[in-house]
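Asker: This is the content of protein35.cif (mmCIF, N, CA, C and O atoms):
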```cif
data_start
loop_
_atom_site.label_atom_id
_atom_site.label_comp_id
_atom_site.auth_asym_id
_atom_site.auth_seq_id
_atom_site.Cartn_x
_atom_site.Cartn_y
_atom_site.Cartn_z
N ALA A 1 0.84 -1.18 0.00
CA ALA A 1 0.00 0.00 0.00
C ALA A 1 0.88 1.24 0.00
O ALA A 1 1.98 1.23 0.55
N ALA A 2 0.39 2.27 -0.64
CA ALA A 2 1.12 3.53 -0.71
C ALA A 2 0.13 4.68 -0.78
O ALA A 2 -1.06 4.48 -1.05
N MET A 3 0.63 5.89 -0.55
CA MET A 3 -0.21 7.07 -0.63
C MET A 3 0.60 8.23 -1.19
O MET A 3 1.76 8.42 -0.81
N THR A 4 0.00 8.97 -2.10
CA THR A 4 0.67 10.13 -2.69
C THR A 4 -0.23 11.35 -2.53
O THR A 4 -1.45 11.26 -2.70
N VAL A 5 0.37 12.48 -2.19
CA VAL A 5 -0.34 13.76 -2.09
C VAL A 5 0.38 14.73 -3.01
O VAL A 5 1.61 14.80 -3.02
N ARG A 6 -0.40 15.47 -3.80
CA ARG A 6 0.19 16.41 -4.75
C ARG A 6 -0.60 17.72 -4.71
O ARG A 6 -1.81 17.72 -4.58
N ALA A 7 0.12 18.82 -4.85
CA ALA A 7 -0.51 20.15 -4.94
C ALA A 7 0.16 20.91 -6.08
O ALA A 7 1.37 20.77 -6.30
N GLU A 8 -0.63 21.68 -6.81
CA GLU A 8 -0.10 22.47 -7.92
C GLU A 8 -0.74 23.86 -7.92
O GLU A 8 -1.85 24.04 -7.45
N TRP A 9 -0.01 24.81 -8.51
CA TRP A 9 -0.51 26.17 -8.66
C TRP A 9 -0.08 26.64 -10.04
O TRP A 9 1.08 26.50 -10.41
N PHE A 10 -1.03 27.18 -10.81
CA PHE A 10 -0.75 27.61 -12.18
C PHE A 10 -1.38 28.97 -12.43
O PHE A 10 -2.59 29.14 -12.26
N ASP A 11 -0.58 29.94 -12.82
CA ASP A 11 -1.08 31.27 -13.19
C ASP A 11 -1.11 31.38 -14.71
O ASP A 11 -0.15 31.00 -15.38
N ASP A 12 -2.21 31.91 -15.22
CA ASP A 12 -2.35 32.16 -16.66
C ASP A 12 -2.74 33.64 -16.83
O ASP A 12 -3.90 33.97 -17.08
N PRO A 13 -1.77 34.56 -16.65
CA PRO A 13 -2.09 35.99 -16.61
C PRO A 13 -2.63 36.57 -17.91
O PRO A 13 -3.31 37.59 -17.88
N GLN A 14 -2.35 35.93 -19.04
CA GLN A 14 -2.90 36.41 -20.31
C GLN A 14 -4.04 35.52 -20.83
O GLN A 14 -4.63 35.81 -21.86
N GLY A 15 -4.30 34.42 -20.16
CA GLY A 15 -5.33 33.50 -20.62
C GLY A 15 -4.92 32.69 -21.83
O GLY A 15 -5.74 32.08 -22.49
N ALA A 16 -3.61 32.66 -22.12
CA ALA A 16 -3.11 32.00 -23.32
C ALA A 16 -3.22 30.47 -23.23
O ALA A 16 -3.46 29.81 -24.23
N ARG A 17 -3.08 29.90 -22.05
CA ARG A 17 -3.09 28.44 -21.91
C ARG A 17 -4.49 27.88 -21.64
O ARG A 17 -4.81 26.80 -22.10
N THR A 18 -5.30 28.59 -20.87
CA THR A 18 -6.60 28.05 -20.46
C THR A 18 -7.78 28.75 -21.13
O THR A 18 -8.91 28.30 -20.99
N GLY A 19 -7.52 29.85 -21.81
CA GLY A 19 -8.61 30.60 -22.43
C GLY A 19 -9.24 31.62 -21.50
O GLY A 19 -10.15 32.35 -21.90
N HIS A 20 -8.76 31.68 -20.26
CA HIS A 20 -9.27 32.64 -19.27
C HIS A 20 -8.10 33.19 -18.47
O HIS A 20 -7.20 32.44 -18.09
N VAL A 21 -8.12 34.49 -18.18
CA VAL A 21 -7.14 35.06 -17.26
C VAL A 21 -7.51 34.53 -15.89
O VAL A 21 -8.59 34.82 -15.38
N GLN A 22 -6.63 33.70 -15.30
CA GLN A 22 -6.99 33.10 -14.02
C GLN A 22 -5.76 32.52 -13.32
O GLN A 22 -4.70 32.36 -13.92
N SER A 23 -5.96 32.18 -12.06
CA SER A 23 -4.99 31.46 -11.27
C SER A 23 -5.66 30.17 -10.81
O SER A 23 -6.75 30.21 -10.25
N LEU A 24 -5.04 29.02 -11.08
CA LEU A 24 -5.59 27.72 -10.75
C LEU A 24 -4.76 27.04 -9.67
O LEU A 24 -3.53 27.15 -9.67
N LYS A 25 -5.43 26.34 -8.78
CA LYS A 25 -4.77 25.53 -7.77
C LYS A 25 -5.45 24.17 -7.73
O LYS A 25 -6.64 24.07 -8.02
N GLU A 26 -4.68 23.14 -7.38
CA GLU A 26 -5.28 21.81 -7.23
C GLU A 26 -4.58 21.05 -6.14
O GLU A 26 -3.42 21.29 -5.82
N PHE A 27 -5.34 20.12 -5.56
CA PHE A 27 -4.82 19.22 -4.54
C PHE A 27 -5.33 17.83 -4.87
O PHE A 27 -6.53 17.65 -5.10
N THR A 28 -4.44 16.84 -4.93
CA THR A 28 -4.82 15.47 -5.26
C THR A 28 -4.29 14.51 -4.20
O THR A 28 -3.14 14.59 -3.79
N PHE A 29 -5.16 13.60 -3.80
CA PHE A 29 -4.84 12.55 -2.85
C PHE A 29 -5.00 11.22 -3.59
O PHE A 29 -6.07 10.95 -4.15
N THR A 30 -3.93 10.39 -3.64
CA THR A 30 -3.95 9.15 -4.40
C THR A 30 -3.50 7.97 -3.53
O THR A 30 -2.31 7.76 -3.33
N PRO A 31 -4.46 7.19 -3.02
CA PRO A 31 -4.08 5.96 -2.34
C PRO A 31 -3.85 4.85 -3.37
O PRO A 31 -4.45 4.85 -4.45
N GLU A 32 -2.96 3.92 -3.03
CA GLU A 32 -2.64 2.81 -3.93
C GLU A 32 -2.61 1.51 -3.13
O GLU A 32 -2.11 1.46 -2.01
N PHE A 33 -3.17 0.48 -3.73
CA PHE A 33 -3.23 -0.83 -3.09
C PHE A 33 -2.81 -1.89 -4.11
O PHE A 33 -3.22 -1.83 -5.27
N LYS A 34 -1.99 -2.83 -3.68
CA LYS A 34 -1.48 -3.87 -4.58
C LYS A 34 -2.01 -5.23 -4.10
O LYS A 34 -1.36 -5.91 -3.30
N PRO A 35 -3.20 -5.63 -4.59
CA PRO A 35 -3.78 -6.89 -4.12
C PRO A 35 -3.07 -8.13 -4.66
O PRO A 35 -3.27 -9.23 -4.16
N HIS A 36 -2.27 -7.96 -5.70
CA HIS A 36 -1.55 -9.06 -6.33
C HIS A 36 -0.23 -8.50 -6.86
O HIS A 36 -0.16 -7.32 -7.22
N PRO A 37 0.84 -9.30 -6.93
CA PRO A 37 2.13 -8.78 -7.43
C PRO A 37 2.06 -8.15 -8.83
O PRO A 37 2.89 -7.32 -9.18
N HIS A 38 1.06 -8.53 -9.62
CA HIS A 38 0.95 -8.01 -10.99
C HIS A 38 -0.27 -7.12 -11.20
O HIS A 38 -0.68 -6.89 -12.34
N PHE A 39 -0.85 -6.62 -10.12
CA PHE A 39 -2.04 -5.77 -10.26
C PHE A 39 -2.05 -4.69 -9.18
O PHE A 39 -1.89 -4.97 -8.00
N VAL A 40 -2.21 -3.44 -9.61
CA VAL A 40 -2.24 -2.28 -8.71
C VAL A 40 -3.58 -1.56 -8.89
O VAL A 40 -4.04 -1.36 -10.02
N VAL A 41 -4.20 -1.18 -7.79
CA VAL A 41 -5.44 -0.39 -7.81
C VAL A 41 -5.12 0.98 -7.23
O VAL A 41 -4.54 1.09 -6.15
N ARG A 42 -5.48 2.03 -7.97
CA ARG A 42 -5.26 3.41 -7.52
C ARG A 42 -6.56 4.19 -7.59
O ARG A 42 -7.34 4.05 -8.53
N GLY A 43 -6.74 5.06 -6.62
CA GLY A 43 -7.86 5.99 -6.64
C GLY A 43 -7.32 7.41 -6.61
O GLY A 43 -6.21 7.65 -6.11
N ASP A 44 -8.06 8.33 -7.16
CA ASP A 44 -7.70 9.75 -7.11
C ASP A 44 -8.87 10.55 -6.57
O ASP A 44 -10.00 10.39 -7.05
N LEU A 45 -8.60 11.40 -5.61
CA LEU A 45 -9.55 12.39 -5.15
C LEU A 45 -8.89 13.74 -5.38
O LEU A 45 -7.83 14.02 -4.81
N ARG A 46 -9.49 14.55 -6.26
CA ARG A 46 -8.86 15.80 -6.68
C ARG A 46 -9.82 16.97 -6.50
O ARG A 46 -11.01 16.87 -6.80
N ARG A 47 -9.28 18.09 -6.02
CA ARG A 47 -10.05 19.32 -5.87
C ARG A 47 -9.31 20.41 -6.63
O ARG A 47 -8.11 20.61 -6.44
N ASP A 48 -10.03 21.10 -7.53
CA ASP A 48 -9.47 22.21 -8.31
C ASP A 48 -10.15 23.50 -7.89
O ASP A 48 -11.37 23.51 -7.64
N TRP A 49 -9.39 24.60 -7.86
CA TRP A 49 -9.91 25.93 -7.56
C TRP A 49 -9.41 26.91 -8.61
O TRP A 49 -8.31 26.79 -9.11
N SER A 50 -10.24 27.91 -8.90
CA SER A 50 -9.84 29.03 -9.75
C SER A 50 -10.32 30.32 -9.10
O SER A 50 -11.26 30.31 -8.31
N ASN A 51 -9.69 31.43 -9.45
CA ASN A 51 -10.18 32.72 -8.96
C ASN A 51 -11.27 33.28 -9.88
O ASN A 51 -11.73 34.40 -9.70
N ARG A 52 -11.71 32.46 -10.87
CA ARG A 52 -12.81 32.82 -11.79
C ARG A 52 -13.78 31.67 -11.86
O ARG A 52 -13.43 30.52 -11.61
N ASP A 53 -15.00 31.94 -12.27
CA ASP A 53 -16.00 30.90 -12.47
C ASP A 53 -15.75 30.22 -13.81
O ASP A 53 -16.16 30.73 -14.86
N VAL A 54 -15.05 29.08 -13.79
CA VAL A 54 -14.70 28.38 -15.03
C VAL A 54 -15.11 26.91 -15.03
O VAL A 54 -15.05 26.26 -16.08
N PHE A 55 -15.52 26.36 -13.89
CA PHE A 55 -15.86 24.95 -13.81
C PHE A 55 -17.38 24.78 -13.92
O PHE A 55 -18.13 25.37 -13.15
N GLU A 56 -17.81 23.94 -14.86
CA GLU A 56 -19.25 23.75 -15.08
C GLU A 56 -19.85 22.87 -13.99
O GLU A 56 -19.33 21.79 -13.69
N LYS A 57 -20.95 23.34 -13.42
CA LYS A 57 -21.68 22.58 -12.40
C LYS A 57 -22.75 21.72 -13.07
O LYS A 57 -23.02 21.85 -14.26
N ASP A 58 -23.38 20.86 -12.27
CA ASP A 58 -24.43 19.97 -12.79
C ASP A 58 -25.61 20.73 -13.39
O ASP A 58 -26.25 20.25 -14.32
N ASP A 59 -25.90 21.92 -12.87
CA ASP A 59 -27.05 22.69 -13.37
C ASP A 59 -26.70 23.58 -14.56
O ASP A 59 -27.52 24.38 -15.01
N GLY A 60 -25.46 23.47 -15.08
CA GLY A 60 -25.06 24.25 -16.25
C GLY A 60 -24.43 25.59 -15.93
O GLY A 60 -23.89 26.24 -16.82
N THR A 61 -24.49 26.03 -14.66
CA THR A 61 -23.84 27.27 -14.28
C THR A 61 -22.35 27.01 -14.05
O THR A 61 -21.89 25.87 -14.06
N LEU A 62 -21.60 28.09 -13.84
CA LEU A 62 -20.17 27.97 -13.62
C LEU A 62 -19.82 28.28 -12.17
O LEU A 62 -20.45 29.12 -11.55
N GLY A 63 -18.81 27.60 -11.66
CA GLY A 63 -18.34 27.82 -10.30
C GLY A 63 -16.83 27.93 -10.26
O GLY A 63 -16.14 27.72 -11.26
N ARG A 64 -16.31 28.22 -9.07
CA ARG A 64 -14.87 28.42 -8.90
C ARG A 64 -14.13 27.17 -8.45
O ARG A 64 -12.91 27.22 -8.28
N SER A 65 -14.83 26.05 -8.26
CA SER A 65 -14.13 24.83 -7.84
C SER A 65 -14.85 23.60 -8.37
O SER A 65 -16.02 23.67 -8.78
N GLN A 66 -14.13 22.49 -8.35
CA GLN A 66 -14.73 21.21 -8.73
C GLN A 66 -13.98 20.09 -8.01
O GLN A 66 -12.82 20.23 -7.66
N VAL A 67 -14.68 18.99 -7.82
CA VAL A 67 -14.09 17.79 -7.23
C VAL A 67 -14.25 16.66 -8.23
O VAL A 67 -15.31 16.50 -8.82
N THR A 68 -13.19 15.90 -8.46
CA THR A 68 -13.26 14.73 -9.33
C THR A 68 -12.71 13.52 -8.58
O THR A 68 -11.81 13.64 -7.74
N VAL A 69 -13.30 12.37 -8.88
CA VAL A 69 -12.89 11.10 -8.28
C VAL A 69 -12.67 10.11 -9.40
O VAL A 69 -13.47 10.04 -10.34
N SER A 70 -11.60 9.34 -9.33
CA SER A 70 -11.35 8.30 -10.34
C SER A 70 -10.77 7.07 -9.66
O SER A 70 -10.19 7.14 -8.58
N LEU A 71 -10.94 5.94 -10.33
CA LEU A 71 -10.41 4.67 -9.86
C LEU A 71 -9.83 3.96 -11.07
O LEU A 71 -10.45 3.92 -12.13
N ASN A 72 -8.63 3.41 -10.93
CA ASN A 72 -8.04 2.69 -12.06
C ASN A 72 -7.29 1.46 -11.58
O ASN A 72 -6.87 1.37 -10.43
N GLY A 73 -7.15 0.52 -12.48
CA GLY A 73 -6.39 -0.69 -12.23
C GLY A 73 -5.26 -0.79 -13.24
O GLY A 73 -5.44 -0.47 -14.41
N VAL A 74 -4.10 -1.24 -12.78
CA VAL A 74 -2.92 -1.34 -13.64
C VAL A 74 -2.36 -2.75 -13.55
O VAL A 74 -2.07 -3.25 -12.44
N PHE A 75 -2.24 -3.40 -14.69
CA PHE A 75 -1.56 -4.69 -14.75
C PHE A 75 -0.07 -4.45 -14.92
O PHE A 75 0.34 -3.72 -15.83
N VAL A 76 0.73 -5.03 -14.09
CA VAL A 76 2.18 -4.85 -14.13
C VAL A 76 2.80 -6.16 -14.64
O VAL A 76 2.53 -7.23 -14.13
N PHE A 77 3.61 -6.04 -15.70
CA PHE A 77 4.29 -7.23 -16.22
C PHE A 77 5.69 -6.90 -16.65
O PHE A 77 6.12 -5.80 -16.67
#
```
Could you take the file, read its structure, and then write that structure out as structure tokens?

Answerer:
Amino acid sequence: AAMTVRAEWFDDPQGARTGHVQSLKEFTFTPEFKPHPHFVVRGDLRRDWSNRDVFEKDDGTLGRSQVTVSLNGVFVF
């Protein structure tokens, strides 16, 4: 078992990279479990923030943050 924590900060002062003048931050928590020597299971819990409303919500409006969750399996050979 393992655990990884990552944080990033990205400024786009001209909006050239993201299409919006903004500052982005993110935090990701990734636990990892190896149930078999040739198989790894990883999950990601990620939170993104912006100083502008750029993330689409379920109702179609825009907000300044979002949370994403993913799960993946990796065969190692």

Asker: Could you tell me how far CA of Leu45 (chain A) sits from CA of Thr28 (chain A), in Å to one decimal place?

Answerer: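 Spanning CA of Thr28 (chain A) to CA of Leu45 (chain A) is a straight-line distance of 5.6 Å.
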
Asker: Suppose you want the space between CA of Thr30 (chain A) and atom C of Ala7 (chain A); what is it in Å?

Answerer: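 Between CA of Thr30 (chain A) and atom C of Ala7 (chain A) the gap works out to 12.6 Å.
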
Asker: Which residue is closest to His38 (chain A)? Choose from A:Ala1, A:Arg52, A:Gly60, A:Val74 and count only N, CA, C and O atoms.

Answerer: A:Val74

Asker: Name the residues that the PyMOL selection byres (((chain A and resi 76 and name CA) around 9) and name CA) picks from the file above, as a ChimeraX atom specification, using the file's chain letters and numbers.

Answerer: /A:37-40,74-75,77

Asker: So what do you get for CA of Asp12 (chain A) versus CA of Val54 (chain A), distance-wise?

Answerer: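 That distance, rounded to one decimal, is 13.0 Å.
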
Asker: Among the residues of chain A, find those DSSP assigns to strand (DSSP E) from the backbone and print them as a VMD selection string.

Answerer: chain A and resid 2 to 12 22 to 36 39 to 50 55 to 56 62 to 63 65 to 75

Asker: Residues at most 8 Å from Pro13 (chain A), counting all atoms listed in the file, excluding those fewer than 4 positions away in the same chain, as a PyMOL selection string?

Answerer: chain A and resi 17+20-23

Asker: Put those residues in a file: N, CA, C and O atoms, as a PDB file, in the frame of the given file.

Answerer:
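File written: part_37.pdb
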```pdb
ATOM      1  N   ARG A  17      -3.080  29.900 -22.050  1.00  0.00           N
ATOM      2  CA  ARG A  17      -3.090  28.440 -21.910  1.00  0.00           C
ATOM      3  C   ARG A  17      -4.490  27.880 -21.640  1.00  0.00           C
ATOM      4  O   ARG A  17      -4.810  26.800 -22.100  1.00  0.00           O
ATOM      5  N   HIS A  20      -8.760  31.680 -20.260  1.00  0.00           N
ATOM      6  CA  HIS A  20      -9.270  32.640 -19.270  1.00  0.00           C
ATOM      7  C   HIS A  20      -8.100  33.190 -18.470  1.00  0.00           C
ATOM      8  O   HIS A  20      -7.200  32.440 -18.090  1.00  0.00           O
ATOM      9  N   VAL A  21      -8.120  34.490 -18.180  1.00  0.00           N
ATOM     10  CA  VAL A  21      -7.140  35.060 -17.260  1.00  0.00           C
ATOM     11  C   VAL A  21      -7.510  34.530 -15.890  1.00  0.00           C
ATOM     12  O   VAL A  21      -8.590  34.820 -15.380  1.00  0.00           O
ATOM     13  N   GLN A  22      -6.630  33.700 -15.300  1.00  0.00           N
ATOM     14  CA  GLN A  22      -6.990  33.100 -14.020  1.00  0.00           C
ATOM     15  C   GLN A  22      -5.760  32.520 -13.320  1.00  0.00           C
ATOM     16  O   GLN A  22      -4.700  32.360 -13.920  1.00  0.00           O
ATOM     17  N   SER A  23      -5.960  32.180 -12.060  1.00  0.00           N
ATOM     18  CA  SER A  23      -4.990  31.460 -11.270  1.00  0.00           C
ATOM     19  C   SER A  23      -5.660  30.170 -10.810  1.00  0.00           C
ATOM     20  O   SER A  23      -6.750  30.210 -10.250  1.00  0.00           O
TER      21      SER A  23
END
```

Asker: Using only N, CA, C and O atoms, which protein or nucleic acid residues come within 6 Å of Glu8 (chain A)? Drop anything in the same chain fewer than 2 positions from it, and give the result as a list in words.

Answerer: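 Once the nearby chain positions are removed, what remains is Arg6, Phe10, Leu24, Lys25, Glu26 and Phe27 of chain A.
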
Asker: List the spatial neighbours of Thr68 (chain A) as a PyMOL selection string - criterion: any atom at most 7 Å away, all atoms listed in the file, same-chain residues fewer than 5 positions off excluded.

Answerer: chain A and resi 44-48

Asker: Write out as an mmCIF file with N, CA, C and O atoms, keeping the file's coordinate frame each polymer residue whose atoms come within 5 Å of Asp53 (chain A), counting only N, CA, C and O atoms; drop sequence neighbours fewer than 4 positions from it.

Answerer:
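That gives us out_28.cif:
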```cif
data_model
loop_
_atom_site.group_PDB
_atom_site.id
_atom_site.type_symbol
_atom_site.label_atom_id
_atom_site.label_comp_id
_atom_site.auth_asym_id
_atom_site.auth_seq_id
_atom_site.Cartn_x
_atom_site.Cartn_y
_atom_site.Cartn_z
ATOM 1 N N LEU A 62 -21.600 28.090 -13.840
ATOM 2 C CA LEU A 62 -20.170 27.970 -13.620
ATOM 3 C C LEU A 62 -19.820 28.280 -12.170
ATOM 4 O O LEU A 62 -20.450 29.120 -11.550
ATOM 5 N N GLY A 63 -18.810 27.600 -11.660
ATOM 6 C CA GLY A 63 -18.340 27.820 -10.300
ATOM 7 C C GLY A 63 -16.830 27.930 -10.260
ATOM 8 O O GLY A 63 -16.140 27.720 -11.260
ATOM 9 N N ARG A 64 -16.310 28.220 -9.070
ATOM 10 C CA ARG A 64 -14.870 28.420 -8.900
ATOM 11 C C ARG A 64 -14.130 27.170 -8.450
ATOM 12 O O ARG A 64 -12.910 27.220 -8.280
#
```

Asker: So, with all atoms listed in the file as the atoms that count, which of A:Val69, A:Gln14, A:Val41, A:Gly19 lies closest to Ala2 (chain A)?

Answerer: A:Val41

Asker: Considering only N, CA, C and O atoms, can you say which of A:Lys34, A:Phe29, A:Asp58, A:Ser50 comes closest to Ser70 (chain A)?

Answerer: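 Among the listed residues, the smallest separation from Ser70 (chain A) belongs to A:Phe29.
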
Asker: Quick one: of A:Asp59, A:Val67, A:Asp11, A:Asn72, who's nearest to Pro31 (chain A), counting all atoms listed in the file?

Answerer: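 Going through A:Asp59, A:Val67, A:Asp11, A:Asn72 one by one, the smallest distance to Pro31 (chain A) is for A:Asn72.
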